Amino acid sequence: MLSATAQELRDQQECGELSSVEITSVCLDAIDEHNEKLNAFLTFDRDDALQQARRIDERRAAGETLGPLAGLPVAIKDNICIEGVTTTCASRSLENFRPPYSAHVIDRLRNAGAVLLGKTNLDEFAMGSSTENSAYGPTRNPHNLDCTPGGSSGGSAAAVAASLVPLAVGSDTGGSIRQPAAFCGIVGMKPTYGRVSRYGLVAFASSLDQIGPFARDVTGAAMLLEGLAGYDDRDSTCINQPVAKYSQTVDQPLEGLRIGVVKEYLEHDLDDGIRSSMATSMDIYRSLGAEVKAVSLPHANYSVATYYLIGPSEASSNLARYDGVHYGHRSSEFDDMIDMYCASRGEGFGAEVKRRVMLGTYALSAGYYDAYYLKALKVRRLIRNDYDAAFQEVDVIASPTTPHTAFQLGVMSDVPLSMYLSDLFTIGCNLAGIPGISIPCGVGNDGMPIGLQLMGRALEEETLFRAARMFERETDWHQRRAAL
Ligand code: GLN
């Protein structure tokens with residue numbers, strides 16, 4: 001049962017072979033057994049989860065029509081608010097924060113019948129690529145406990161990869177769903193900016209943040225996104241467009257698919273295994289009738305620099321609220337008000353968050369704004385234009401999700417720039433606002449999973465799911481499970 005996909009678990013409940021209480025109990029037992037070594041979950045409440053499951057089973061028994069995620073356990077990244085449930089963002093500053101309301105996605109998941117299983121670990125305020133920036137200790141990669149699961153949604157990715165839960169929700173500002181999905185050998189998607197409401201997602205960089213799904217296979221991710229996406233007037237950037245029935249079309253192959261491989265990305269220093277998996281993956285698409293050709297994103301190499309001005313600038317503004325008065329930890333020792341702010345923020349935030357707040361404040365300050373923040377916004381437009389031009393020629397853009405496989409814990413934590421470069425291939429989607437999916441496509445020489453990233457035009461998630469599923473059907477990388 002632990003290795004079953006979301007769809008299998010849904011079907012088995014529908015035909016009465018399994019109950020939600022049975023599925024949920026198995027997940028909870030697996031968490032009890034493995035969470036200590038993985039540190040994927042920060043919070044879980046056995047009684048509450050079982051009660052949600054029991055309620056679904058009762059409603060099913062009463063013949064009620066249930067939602068599409070009925071009875072399926074889902075883990076939630078701990079930067080998404082659930083009313084009354086501790087939401088820490090893996091920060092000391094929010095150690096005791098219990099939100100007075102739930103995020104839009106939480107209401108949607110409840111309506112769809114999902115069982116909310118617990119809250120997962122992340123890099124503090126989603127800033128990082130390894131989950132090592134968590135104030136509550138790092139998460140470990142289930143494929144090799146000495147390696148990171150990636151980040152910032154490392155807890156959600158590790159929980160799915162370790163079969164603790166079939167589905168999980170993450171957030172992606174520069175790669176935080178796709179990079180951990182690649183490192184953990186599972187499927188993860190960042191939807192179009194505005195596809196999913198950010199109401200109740202604790203803001204990191206508001207023009208880039210987006211919530212999305214993790215699953216063991218493409219169909220599971222399609223099912224979960226269908227549950228998450230939908231218009232919400234409480235997020236002014238949420239798009240008021242119908243949500244396609246991704247899970248119903250996912251098995252339809254695309255005729256005449258044109259795939260563009262990003263030329264600039266392949267000029268980088270890539271692991272050998274990643275380069276060869278990328279080539280093999282494109283051969284598989286060719287054998288399925290797709291046309292594969294090179295495309296150019298001429299400004300791609302500016303994406304990391306652009307992101308690390310815009311992201312921290314927005315973060316420095318968003319995180320101003322954690323002053324110990326409006327929100328967050330308040331120091332118990334201070335002389336005056338300014339000292340209280342300094343001490344509270346100094347004690348509440350970790351090193352990476354402080355680094356971002358300082359970088360962002362600098363980039364936004366009078367005299368530097370035009371040279372840094374404004375310039376970055378202009379380059380962001382050029383990056384977006386590159387994608388628009390490439391999508392004139394192809395339907396989907398392909399690249400490796402990451403330049404290397406999962407790295408060992410500790411090796412990058414003191415070298416922020418090398419850590420930032422892990423997101424070289426994922427940041428472009430966030431800057432351009434377009435969707436991207438990562439699917440398992442191989443293993444490296446180190447035995448660690450490799451991810452293939454497919455990027456699509458805005459609101460063309462359906463194309464990405466169908467293209468990804470075409471590949472998945474021909475391969476068994478998604479069936480490879482971590483042995484704990
Ligand atoms: N790793 C990137 C960063 O550190 C992206 C994080 C994210 O997508 N939340 O900002």
# chains A, B, ... in the order shown; residues from 1 in each chain; ligands from 1

$ residues_near_ligand --ligand "ligand 1" --cutoff "8 Å" --atoms "only C-alpha atoms and all ligand atoms" --output "list in words"
Phe125, Ala126, Met127, Gly128, Ser129, Ser130, Gly151, Ser152, Ser153, Ser171, Asp172, Thr173, Gly174, Gly175, Ser176, Ile177, Phe204, Asp209, Tyr308, Gly311, Met419, Tyr420, Ser422, Asp423 and Ile427 of chain A

$ write_last_selection --atoms "C-alpha atoms" --output "PDB file, in the first residue's frame"
ATOM      1  CA  PHE A 125      10.781  31.004   4.964  1.00  0.00           C
ATOM      2  CA  ALA A 126      11.464  28.830   1.873  1.00  0.00           C
ATOM      3  CA  MET A 127      14.898  30.414   1.366  1.00  0.00           C
ATOM      4  CA  GLY A 128      17.322  27.721   0.322  1.00  0.00           C
ATOM      5  CA  SER A 129      17.926  24.676  -1.849  1.00  0.00           C
ATOM      6  CA  SER A 130      18.657  21.949   0.693  1.00  0.00           C
ATOM      7  CA  GLY A 151      14.802  22.518  -0.992  1.00  0.00           C
ATOM      8  CA  SER A 152      13.134  24.497   0.010  1.00  0.00           C
ATOM      9  CA  SER A 153      10.209  22.015  -0.014  1.00  0.00           C
ATOM     10  CA  SER A 171       5.754  26.137  -2.840  1.00  0.00           C
ATOM     11  CA  ASP A 172       8.156  27.211  -5.566  1.00  0.00           C
ATOM     12  CA  THR A 173       9.706  30.677  -5.802  1.00  0.00           C
ATOM     13  CA  GLY A 174      12.847  29.768  -7.745  1.00  0.00           C
ATOM     14  CA  GLY A 175      12.731  25.970  -7.942  1.00  0.00           C
ATOM     15  CA  SER A 176      11.616  24.797  -4.512  1.00  0.00           C
ATOM     16  CA  ILE A 177       9.221  22.166  -5.864  1.00  0.00           C
ATOM     17  CA  PHE A 204       8.641  35.061   0.523  1.00  0.00           C
ATOM     18  CA  ASP A 209       5.802  32.405  -5.199  1.00  0.00           C
ATOM     19  CA  TYR A 308      18.791  37.135  -6.343  1.00  0.00           C
ATOM     20  CA  GLY A 311      13.663  37.644  -4.550  1.00  0.00           C
ATOM     21  CA  MET A 419      23.873  26.734  -3.406  1.00  0.00           C
ATOM     22  CA  TYR A 420      22.192  29.481  -5.447  1.00  0.00           C
ATOM     23  CA  SER A 422      21.557  24.731  -7.971  1.00  0.00           C
ATOM     24  CA  ASP A 423      18.544  26.675  -9.224  1.00  0.00           C
ATOM     25  CA  ILE A 427      14.507  30.094 -11.803  1.00  0.00           C
TER      26      ILE A 427
END

$ select_by_dssp --residues "segment 241-407 of chain A" --states "helix (DSSP H, G or I)" --output "PyMOL selection string"
chain A and resi 246-249+263-266+272-287+300-321+337-348+351-364+370-393

$ residues_around --residues "segment 99-113 of chain A" --least-positions-apart "4" --cutoff "10 Å" --atoms "only C-alpha atoms" --output "PyMOL selection string"
chain A and resi 52-53+55-56+66-74+76+79-88+169+196-202+211-212+224-232+234-235

$ atom_distance --atom1 "atom CA of Glu36 of chain A" --atom2 "atom CA of Phe97 of chain A"
23.1 Å

$ residues_around --residues "Pro449 of chain A" --least-positions-apart "2" --cutoff "7 Å" --atoms "only C-alpha atoms" --output "VMD selection string"
chain A and resid 182 to 185 405 440 442 to 444 447 451

$ write_last_selection --atoms "N, CA and C atoms" --output "mmCIF file, in the first residue's frame"
data_model
loop_
_atom_site.group_PDB
_atom_site.id
_atom_site.type_symbol
_atom_site.label_atom_id
_atom_site.label_comp_id
_atom_site.auth_asym_id
_atom_site.auth_seq_id
_atom_site.Cartn_x
_atom_site.Cartn_y
_atom_site.Cartn_z
ATOM 1 N N ALA A 182 13.368 16.541 -8.232
ATOM 2 C CA ALA A 182 14.457 15.910 -8.994
ATOM 3 C C ALA A 182 15.401 15.153 -8.055
ATOM 4 N N PHE A 183 15.788 15.786 -6.955
ATOM 5 C CA PHE A 183 16.741 15.158 -6.024
ATOM 6 C C PHE A 183 16.147 13.908 -5.367
ATOM 7 N N CYS A 184 14.834 13.849 -5.237
ATOM 8 C CA CYS A 184 14.200 12.726 -4.535
ATOM 9 C C CYS A 184 13.554 11.712 -5.486
ATOM 10 N N GLY A 185 13.644 11.943 -6.803
ATOM 11 C CA GLY A 185 13.130 10.960 -7.759
ATOM 12 C C GLY A 185 11.610 10.899 -7.826
ATOM 13 N N THR A 405 23.216 16.053 -9.195
ATOM 14 C CA THR A 405 22.273 15.294 -8.361
ATOM 15 C C THR A 405 22.394 15.795 -6.916
ATOM 16 N N PRO A 440 11.094 12.118 -12.934
ATOM 17 C CA PRO A 440 12.307 11.308 -12.835
ATOM 18 C C PRO A 440 12.709 10.781 -14.214
ATOM 19 N N GLY A 442 16.196 9.271 -14.680
ATOM 20 C CA GLY A 442 17.438 8.496 -14.660
ATOM 21 C C GLY A 442 18.061 8.510 -13.280
ATOM 22 N N VAL A 443 19.235 7.865 -13.184
ATOM 23 C CA VAL A 443 20.024 7.971 -11.944
ATOM 24 C C VAL A 443 21.458 8.298 -12.323
ATOM 25 N N GLY A 444 22.119 9.043 -11.456
ATOM 26 C CA GLY A 444 23.497 9.442 -11.702
ATOM 27 C C GLY A 444 24.476 8.339 -11.321
ATOM 28 N N GLY A 447 24.152 7.002 -7.996
ATOM 29 C CA GLY A 447 22.921 6.281 -7.663
ATOM 30 C C GLY A 447 21.760 7.189 -7.288
ATOM 31 N N GLY A 451 16.333 14.509 -12.561
ATOM 32 C CA GLY A 451 15.035 15.034 -13.004
ATOM 33 C C GLY A 451 15.115 15.674 -14.379
#

$ residues_around --residues "Glu352 of chain A" --least-positions-apart "6" --cutoff "10 Å" --atoms "only C-alpha atoms" --output "PDB file with N, CA and C atoms, in the first residue's frame"
ATOM      1  N   ASP A 123      13.354  24.971   4.133  1.00  0.00           N
ATOM      2  CA  ASP A 123      14.333  25.989   4.473  1.00  0.00           C
ATOM      3  C   ASP A 123      13.560  27.159   5.068  1.00  0.00           C
ATOM      4  N   GLU A 124      14.134  27.815   6.052  1.00  0.00           N
ATOM      5  CA  GLU A 124      13.446  28.906   6.748  1.00  0.00           C
ATOM      6  C   GLU A 124      12.830  29.895   5.745  1.00  0.00           C
ATOM      7  N   PHE A 125      11.540  30.126   5.860  1.00  0.00           N
ATOM      8  CA  PHE A 125      10.781  31.004   4.964  1.00  0.00           C
ATOM      9  C   PHE A 125      10.976  30.626   3.493  1.00  0.00           C
ATOM     10  N   MET A 127      13.674  29.867   1.960  1.00  0.00           N
ATOM     11  CA  MET A 127      14.898  30.414   1.366  1.00  0.00           C
ATOM     12  C   MET A 127      16.015  29.388   1.452  1.00  0.00           C
ATOM     13  N   GLY A 128      16.252  28.701   0.339  1.00  0.00           N
ATOM     14  CA  GLY A 128      17.322  27.721   0.322  1.00  0.00           C
ATOM     15  C   GLY A 128      17.045  26.630  -0.682  1.00  0.00           C
ATOM     16  N   ASN A 133      18.529  25.038   5.899  1.00  0.00           N
ATOM     17  CA  ASN A 133      18.307  26.312   6.599  1.00  0.00           C
ATOM     18  C   ASN A 133      17.116  26.252   7.546  1.00  0.00           C
ATOM     19  N   SER A 134      16.603  25.052   7.832  1.00  0.00           N
ATOM     20  CA  SER A 134      15.493  24.947   8.780  1.00  0.00           C
ATOM     21  C   SER A 134      16.010  25.140  10.199  1.00  0.00           C
ATOM     22  N   MET A 358      19.185  41.656   4.170  1.00  0.00           N
ATOM     23  CA  MET A 358      20.193  42.711   3.962  1.00  0.00           C
ATOM     24  C   MET A 358      20.412  42.984   2.485  1.00  0.00           C
ATOM     25  N   SER A 413      26.528  24.305   2.521  1.00  0.00           N
ATOM     26  CA  SER A 413      25.854  25.260   3.412  1.00  0.00           C
ATOM     27  C   SER A 413      26.690  26.490   3.719  1.00  0.00           C
ATOM     28  N   PRO A 416      27.098  30.084  -0.074  1.00  0.00           N
ATOM     29  CA  PRO A 416      25.777  30.431  -0.596  1.00  0.00           C
ATOM     30  C   PRO A 416      25.720  30.489  -2.121  1.00  0.00           C
TER      31      PRO A 416
END

$ residues_around --residues "Cys441 of chain A" --least-positions-apart "5" --cutoff "7 Å" --atoms "only C-alpha atoms" --output "ChimeraX atom specification"
/A:277,281,450-452,477

$ write_last_selection --atoms "N, CA and C atoms" --output "tab-separated table (two decimals), in the first residue's frame"
chain	number	residue	atom	x	y	z
A	277	SER	N	21.42	11.33	-19.43
A	277	SER	CA	19.97	11.08	-19.25
A	277	SER	C	19.15	12.04	-20.09
A	281	SER	N	16.57	10.85	-22.80
A	281	SER	CA	15.16	11.27	-22.68
A	281	SER	C	14.67	11.86	-24.01
A	450	ILE	N	17.73	11.62	-11.06
A	450	ILE	CA	17.91	12.76	-11.98
A	450	ILE	C	16.52	13.20	-12.45
A	451	GLY	N	16.33	14.51	-12.56
A	451	GLY	CA	15.04	15.03	-13.00
A	451	GLY	C	15.12	15.67	-14.38
A	452	LEU	N	14.05	15.47	-15.15
A	452	LEU	CA	13.88	16.14	-16.44
A	452	LEU	C	12.85	17.25	-16.24
A	477	TRP	N	11.44	4.90	-14.27
A	477	TRP	CA	12.17	5.67	-13.25
A	477	TRP	C	11.26	6.06	-12.09

$ atom_distance --atom1 "atom CA of Thr43 of chain A" --atom2 "atom CA of Lys119 of chain A"
5.1 Å

$ residues_around --residues "Tyr265 of chain A" --least-positions-apart "5" --cutoff "12 Å" --atoms "only C-alpha atoms" --output "count of residues only"
28

$ closest_residue --among "A:Ala343, A:Met223, A:Val396, A:Ala406" --to "Gly154 of chain A" --atoms "only C-alpha atoms"
A:Ala406

$ atom_distance --atom1 "atom CA of Ser287 of chain A" --atom2 "atom CA of Ala390 of chain A"
22.7 Å

$ closest_residue --among "A:Phe407, A:Phe44, A:Phe471, A:Tyr387" --to "Ser438 of chain A" --atoms "only C-alpha atoms"
A:Phe471

$ select_by_dssp --residues "segment 323-474 of chain A" --states "strand (DSSP E)" --output "ChimeraX atom specification"
/A:396-400,436-443,449-456

$ closest_residue --among "A:Gly273, A:Ser93, A:Leu359, A:Val304" --to "Arg380 of chain A" --atoms "only C-alpha atoms"
A:Val304

$ closest_residue --among "A:Ser19, A:Cys147, A:Leu421, A:Asp233" --to "Arg59 of chain A" --atoms "only C-alpha atoms"
A:Ser19
